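> Below is entry.tsv; it holds TSV, C-alpha atoms.
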```
chain	number	residue	atom	x	y	z
D	1	MET	CA	132.85	20.01	-64.49
D	2	THR	CA	133.73	18.62	-67.90
D	3	ARG	CA	132.95	15.05	-68.86
D	4	PHE	CA	135.22	12.74	-70.80
D	5	ILE	CA	134.76	9.38	-72.45
D	6	VAL	CA	137.88	7.22	-72.54
D	7	PHE	CA	138.22	4.27	-74.91
D	8	HIS	CA	140.59	1.57	-73.69
D	9	LYS	CA	141.82	-1.50	-75.49
D	10	GLY	CA	141.21	-4.68	-73.50
D	11	PRO	CA	144.20	-6.62	-72.16
D	12	GLU	CA	145.31	-9.74	-74.01
D	13	ASP	CA	146.35	-11.74	-71.02
D	14	VAL	CA	145.38	-10.58	-67.57
D	15	SER	CA	144.59	-12.04	-64.19
D	16	GLN	CA	141.58	-11.19	-62.08
D	17	ASP	CA	143.90	-9.88	-59.37
D	18	ALA	CA	145.63	-7.50	-61.79
D	19	VAL	CA	142.32	-6.04	-62.99
D	20	ILE	CA	140.95	-5.55	-59.50
D	21	LYS	CA	144.19	-4.08	-58.15
D	22	ALA	CA	144.33	-1.65	-61.07
D	23	ALA	CA	140.73	-0.53	-60.55
D	24	GLN	CA	141.26	-0.12	-56.82
D	25	ALA	CA	144.51	1.81	-57.42
D	26	VAL	CA	142.73	4.25	-59.70
D	27	GLN	CA	139.79	4.68	-57.37
D	28	SER	CA	141.89	5.17	-54.25
D	29	SER	CA	144.22	7.76	-55.74
D	30	LEU	CA	141.71	10.11	-57.32
D	31	PRO	CA	141.91	13.78	-56.38
D	32	GLU	CA	138.63	15.24	-55.19
D	33	GLU	CA	137.97	17.08	-58.45
D	34	ILE	CA	138.12	13.93	-60.58
D	35	LYS	CA	135.40	11.31	-60.63
D	36	TRP	CA	135.30	7.94	-62.35
D	37	LEU	CA	131.58	7.83	-63.14
D	38	ASN	CA	130.94	4.64	-65.08
D	39	SER	CA	132.49	1.98	-67.24
D	40	TRP	CA	131.11	-0.29	-69.92
D	41	PHE	CA	132.77	-3.30	-71.41
D	42	VAL	CA	132.14	-3.92	-75.12
D	43	PRO	CA	132.64	-7.67	-75.57
D	44	GLY	CA	132.41	-7.77	-79.37
D	45	GLU	CA	135.17	-5.19	-79.75
D	46	TYR	CA	137.03	-6.09	-76.56
D	47	ARG	CA	137.10	-2.48	-75.45
D	48	LEU	CA	136.43	-0.71	-72.20
D	49	ILE	CA	134.62	2.63	-72.29
D	50	CYS	CA	134.85	4.80	-69.19
D	51	GLU	CA	133.09	8.02	-68.30
D	52	TRP	CA	134.94	10.60	-66.24
D	53	GLU	CA	134.32	13.98	-64.73
D	54	ALA	CA	137.45	16.13	-64.55
D	55	PRO	CA	138.76	19.65	-65.06
D	56	ASP	CA	140.62	18.68	-68.25
D	57	GLU	CA	141.93	15.77	-70.33
D	58	GLN	CA	145.38	15.87	-68.69
D	59	SER	CA	143.77	15.23	-65.31
D	60	VAL	CA	142.08	12.13	-66.69
D	61	ARG	CA	145.34	10.87	-68.19
D	62	ALA	CA	147.11	11.47	-64.88
D	63	ALA	CA	144.41	9.51	-63.04
D	64	LEU	CA	144.94	6.60	-65.43
D	65	LYS	CA	148.72	6.45	-65.07
D	66	ASP	CA	148.65	3.17	-63.13
D	67	VAL	CA	146.42	1.32	-65.57
D	68	ILE	CA	147.55	2.38	-69.04
D	69	ASP	CA	149.86	-0.60	-69.34
D	70	LEU	CA	146.96	-2.92	-68.62
D	71	PHE	CA	144.23	-0.98	-70.42
D	72	PRO	CA	145.96	1.18	-73.05
D	73	VAL	CA	144.11	4.39	-73.89
D	74	GLU	CA	143.01	4.56	-77.52
D	75	VAL	CA	141.30	7.94	-77.44
D	76	ILE	CA	139.81	10.43	-75.01
D	77	HIS	CA	136.81	12.51	-76.06
D	78	GLU	CA	135.49	15.51	-74.24
D	79	VAL	CA	131.72	15.04	-74.29
D	80	VAL	CA	128.51	16.82	-73.38
D	81	HIS	CA	126.02	14.90	-71.28
D	82	ILE	CA	122.47	14.85	-72.66
D	83	GLN	CA	119.77	13.67	-70.31
D	84	PRO	CA	116.62	11.88	-71.52
D	85	GLU	CA	114.65	13.76	-68.85
D	86	TRP	CA	115.09	16.95	-70.82
D	87	TYR	CA	112.69	15.58	-73.43
D	88	LYS	CA	109.81	14.64	-71.15
V	1	MET	CA	114.41	-31.54	-59.66
V	2	ALA	CA	118.16	-31.89	-59.03
V	3	ILE	CA	120.05	-30.48	-56.07
V	4	PHE	CA	122.50	-27.84	-57.24
V	5	GLY	CA	125.98	-29.27	-57.46
V	6	SER	CA	124.95	-32.91	-57.22
V	7	PRO	CA	126.24	-35.34	-59.88
V	8	GLU	CA	122.64	-35.47	-61.23
V	9	TRP	CA	122.57	-31.69	-61.53
V	10	LEU	CA	125.92	-31.63	-63.28
V	11	GLU	CA	124.76	-34.29	-65.76
V	12	ALA	CA	121.60	-32.26	-66.47
V	13	PHE	CA	123.74	-29.14	-66.93
V	14	HIS	CA	126.01	-31.02	-69.33
V	15	GLU	CA	122.95	-32.10	-71.35
V	16	ALA	CA	121.48	-28.59	-71.25
V	17	ILE	CA	124.70	-27.16	-72.70
V	18	ASN	CA	124.74	-29.74	-75.47
V	19	SER	CA	121.10	-29.08	-76.38
V	20	SER	CA	121.44	-25.30	-76.52
V	21	GLN	CA	121.86	-23.98	-80.04
V	22	THR	CA	122.23	-20.48	-78.62
V	23	TYR	CA	125.19	-21.56	-76.48
V	24	GLU	CA	126.68	-23.51	-79.38
V	25	GLU	CA	126.60	-20.41	-81.58
V	26	ALA	CA	127.92	-18.07	-78.86
V	27	ALA	CA	130.75	-20.42	-77.91
V	28	LYS	CA	131.61	-21.87	-81.32
V	29	THR	CA	135.25	-20.80	-81.05
V	30	TRP	CA	135.66	-21.40	-77.31
V	31	GLU	CA	138.32	-23.86	-76.20
V	32	GLY	CA	138.86	-24.16	-72.48
V	33	ASP	CA	138.05	-26.35	-69.52
V	34	PHE	CA	136.98	-25.34	-66.03
V	35	TYR	CA	136.81	-26.28	-62.44
V	36	PHE	CA	133.68	-24.71	-60.98
V	37	VAL	CA	134.29	-24.87	-57.25
V	38	LEU	CA	131.62	-24.83	-54.59
V	39	GLU	CA	133.36	-23.41	-51.53
V	40	PRO	CA	132.49	-24.53	-48.02
V	41	GLU	CA	129.53	-22.65	-46.53
V	42	GLY	CA	126.62	-23.85	-44.42
V	43	VAL	CA	125.78	-27.44	-45.33
V	44	ILE	CA	128.74	-27.53	-47.72
V	45	THR	CA	131.56	-28.51	-45.39
V	46	GLU	CA	134.29	-29.21	-47.94
V	47	PRO	CA	135.05	-27.73	-51.35
V	48	VAL	CA	133.42	-29.56	-54.24
V	49	TYR	CA	135.09	-29.51	-57.66
V	50	TYR	CA	133.09	-29.78	-60.87
V	51	TYR	CA	135.11	-30.35	-63.99
V	52	VAL	CA	133.52	-29.10	-67.22
V	53	ASP	CA	135.34	-29.33	-70.55
V	54	LEU	CA	133.88	-26.79	-72.96
V	55	TRP	CA	134.93	-27.05	-76.59
V	56	HIS	CA	133.52	-25.32	-79.65
V	57	GLY	CA	130.04	-24.81	-78.24
V	58	LYS	CA	129.69	-28.21	-76.61
V	59	SER	CA	130.40	-29.78	-73.25
V	60	ARG	CA	132.72	-32.68	-73.94
V	61	ARG	CA	132.86	-33.89	-70.34
V	62	ALA	CA	131.40	-32.86	-67.01
V	63	PHE	CA	131.92	-34.70	-63.77
V	64	VAL	CA	132.54	-34.23	-60.08
V	65	VAL	CA	136.18	-34.57	-59.11
V	66	ASN	CA	137.11	-36.12	-55.81
V	67	ASP	CA	140.71	-34.98	-55.85
V	68	GLU	CA	141.49	-31.42	-56.97
V	69	SER	CA	144.75	-32.60	-58.55
V	70	GLU	CA	142.89	-35.05	-60.80
V	71	MET	CA	142.55	-32.49	-63.59
V	72	GLN	CA	144.49	-29.35	-64.52
V	73	PRO	CA	141.87	-27.12	-66.15
V	74	GLU	CA	142.69	-23.81	-67.78
V	75	PHE	CA	140.26	-21.97	-65.51
V	76	VAL	CA	139.15	-22.31	-61.91
V	77	VAL	CA	136.07	-20.34	-60.82
V	78	SER	CA	135.25	-20.52	-57.10
V	79	ALA	CA	132.47	-19.16	-54.93
V	80	PRO	CA	130.32	-20.18	-51.98
V	81	LEU	CA	126.82	-21.50	-52.55
V	82	HIS	CA	125.01	-18.21	-51.97
V	83	VAL	CA	127.02	-16.57	-54.76
V	84	TRP	CA	126.46	-19.43	-57.22
V	85	LYS	CA	122.75	-19.22	-56.38
V	86	ARG	CA	122.73	-15.54	-57.32
V	87	VAL	CA	124.45	-16.36	-60.63
V	88	VAL	CA	122.04	-19.19	-61.48
V	89	GLU	CA	119.06	-17.02	-60.55
V	90	LYS	CA	120.51	-14.27	-62.78
V	91	LYS	CA	120.76	-11.83	-59.90
V	92	LEU	CA	124.53	-11.62	-60.41
V	93	ASP	CA	125.91	-11.18	-63.90
V	94	PRO	CA	128.84	-13.61	-64.30
V	95	ILE	CA	131.08	-10.92	-65.75
V	96	GLN	CA	130.25	-8.56	-62.90
V	97	GLY	CA	131.02	-11.41	-60.54
V	98	LEU	CA	134.42	-11.95	-62.17
V	99	VAL	CA	135.53	-8.32	-62.30
V	100	THR	CA	134.57	-7.79	-58.65
V	101	ARG	CA	135.96	-11.12	-57.40
V	102	ARG	CA	132.63	-12.35	-56.07
V	103	LEU	CA	133.50	-15.20	-58.41
V	104	LYS	CA	137.17	-15.91	-57.80
V	105	LEU	CA	139.07	-16.78	-60.96
V	106	LYS	CA	142.35	-18.50	-61.66
V	107	GLY	CA	143.23	-18.19	-65.34
V	108	ASN	CA	143.26	-15.52	-68.02
V	109	LEU	CA	140.37	-13.13	-67.35
V	110	GLY	CA	141.05	-11.54	-70.73
V	111	LYS	CA	140.14	-14.75	-72.54
V	112	ILE	CA	136.81	-14.94	-70.70
V	113	LEU	CA	136.08	-11.26	-71.32
V	114	ARG	CA	136.46	-11.96	-75.02
V	115	ALA	CA	133.73	-14.58	-74.69
V	116	VAL	CA	131.10	-12.70	-72.71
V	117	LYS	CA	128.20	-13.97	-74.82
V	118	ALA	CA	129.32	-17.54	-74.32
V	119	ALA	CA	129.59	-16.97	-70.55
V	120	LYS	CA	126.08	-15.54	-70.40
V	121	GLU	CA	124.66	-18.36	-72.49
V	122	LEU	CA	126.40	-20.85	-70.21
V	123	VAL	CA	124.52	-19.29	-67.29
V	124	ASN	CA	121.33	-19.49	-69.34
V	125	CYS	CA	121.94	-23.22	-69.64
V	126	THR	CA	121.75	-23.53	-65.86
V	127	THR	CA	118.21	-22.13	-65.99
V	128	MET	CA	117.27	-25.09	-68.22
V	129	VAL	CA	118.00	-27.39	-65.28
V	130	SER	CA	115.27	-27.73	-62.69
V	131	THR	CA	117.30	-26.79	-59.65
V	132	GLU	CA	116.86	-27.08	-55.93
V	133	PHE	CA	119.43	-25.41	-53.68
V	134	PRO	CA	120.62	-27.20	-50.53
V	135	GLU	CA	119.45	-25.48	-47.32
```
Output the file's structure in the form of structure tokens.


Amino acid sequence: MTRFIVFHKGPEDVSQDAVIKAAQAVQSSLPEEIKWLNSWFVPGEYRLICEWEAPDEQSVRAALKDVIDLFPVEVIHEVVHIQPEWYK
Amino acid sequence: MAIFGSPEWLEAFHEAINSSQTYEEAAKTWEGDFYFVLEPEGVITEPVYYYVDLWHGKSRRAFVVNDESEMQPEFVVSAPLHVWKRVVEKKLDPIQGLVTRRLKLKGNLGKILRAVKAAKELVNCTTMVSTEFPE
């Protein structure tokens, strides 16, 4: 399965409820072939970086349809995962 | 040693904030006051409201409020004692607590997320207070 890194812009004004509802909506509506793997918040840049596993970029965009108003997508990169264990 | 949440503890916390250069630097642009609410649990039978006015890296005022309506802070952060204990002991990151609602928030989460370093340094200030938790 292909991995993707999604860069989101952080919301200007948002409630805790809105963030949690959005995250739960994404998680509960994911098709089996798409996985939300991880997210990191970058405080200094006020960005959210999320790692996904999906068949293609369109699948990731479809999975994010309920949150793009809250966390607009800046860019999606298809990436290759490199594991530190490979270098032991 | 001050009991967590007592007026003595809050005064020591207020002094710890105002003596922390690291917090002052991290929160130099922060403007916003809080209620930190200790929710009823165990020996805590009624909610306790702590008002803390944070402004440009300093605590301007910090006191226990008897009546919730006494102040109208920009933010209200609420949790039971066992959650606050995990935050103070650095077992629960405050931002993780906020985005998972272990720490319940009223107010603009976005403004706090823009000030993550300040939030973490504020937690660090609690570790400067010799704290005993009520059983």

> Rounded to one decimal in Å, what is the spacing between CA of Val6 (chain D) and CA of Glu51 (chain D)?

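Taking CA of Val6 (chain D) and CA of Glu51 (chain D), their separation equals 6.4 Å.
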
> Do you know which residues are at most 12 Å from Phe4 (chain D) counting all atoms listed in the file, after dropping those on the same chain fewer than 2 positions away, and could you put them as a ChimeraX atom specification?

/D:1-2,6-7,34-39,49-61,75-81

> With distances taken over only C-alpha atoms, which of V:Pro134, V:Leu122, V:Leu105, V:Ala26 is nearest to chain D?

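For chain D, the nearest of the candidates is V:Leu105.
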
> Give me the residues of chain V that have any atom at most 9 Å from an atom of chain D; for each, the nearest atom pair and the distance in Å, rounded to one decimal. Use only C-alpha atoms, sort by chain and number, and format it as a Markdown table.


```
| residue | atom | partner | partner_atom | distance |
| --- | --- | --- | --- | --- |
| V:Leu98 | CA | D:Gln16 | CA | 7.2 |
| V:Val99 | CA | D:Gln16 | CA | 6.7 |
| V:Thr100 | CA | D:Ile20 | CA | 6.8 |
| V:Arg101 | CA | D:Gln16 | CA | 7.3 |
| V:Lys104 | CA | D:Gln16 | CA | 7.7 |
| V:Leu105 | CA | D:Gln16 | CA | 6.2 |
| V:Lys106 | CA | D:Ser15 | CA | 7.3 |
| V:Gly107 | CA | D:Ser15 | CA | 6.4 |
| V:Asn108 | CA | D:Ser15 | CA | 5.3 |
| V:Leu109 | CA | D:Ser15 | CA | 5.4 |
| V:Gly110 | CA | D:Asp13 | CA | 5.3 |
| V:Lys111 | CA | D:Asp13 | CA | 7.1 |
| V:Leu113 | CA | D:Pro43 | CA | 6.5 |
| V:Arg114 | CA | D:Pro43 | CA | 5.8 |
| V:Ala115 | CA | D:Pro43 | CA | 7.1 |
| V:Val116 | CA | D:Pro43 | CA | 6.0 |
| V:Lys117 | CA | D:Pro43 | CA | 7.7 |
```

> What does the structure give for the distance between CA of Ala63 (chain D) and CA of Leu92 (chain V), in Å to one decimal?

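Straight-line distance from CA of Ala63 (chain D) to CA of Leu92 (chain V) works out to 29.1 Å.
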
> Starting from 6 Å padding per side, set up an axis-aligned box that covers all listed atoms of region 46-60 of chain D and hand over centre and edge lengths in Å, one decimal, as JSON.


```
{"center_x": 139.2, "center_y": 6.8, "center_z": -70.6, "size_x": 24.3, "size_y": 37.7, "size_z": 24.0}
```
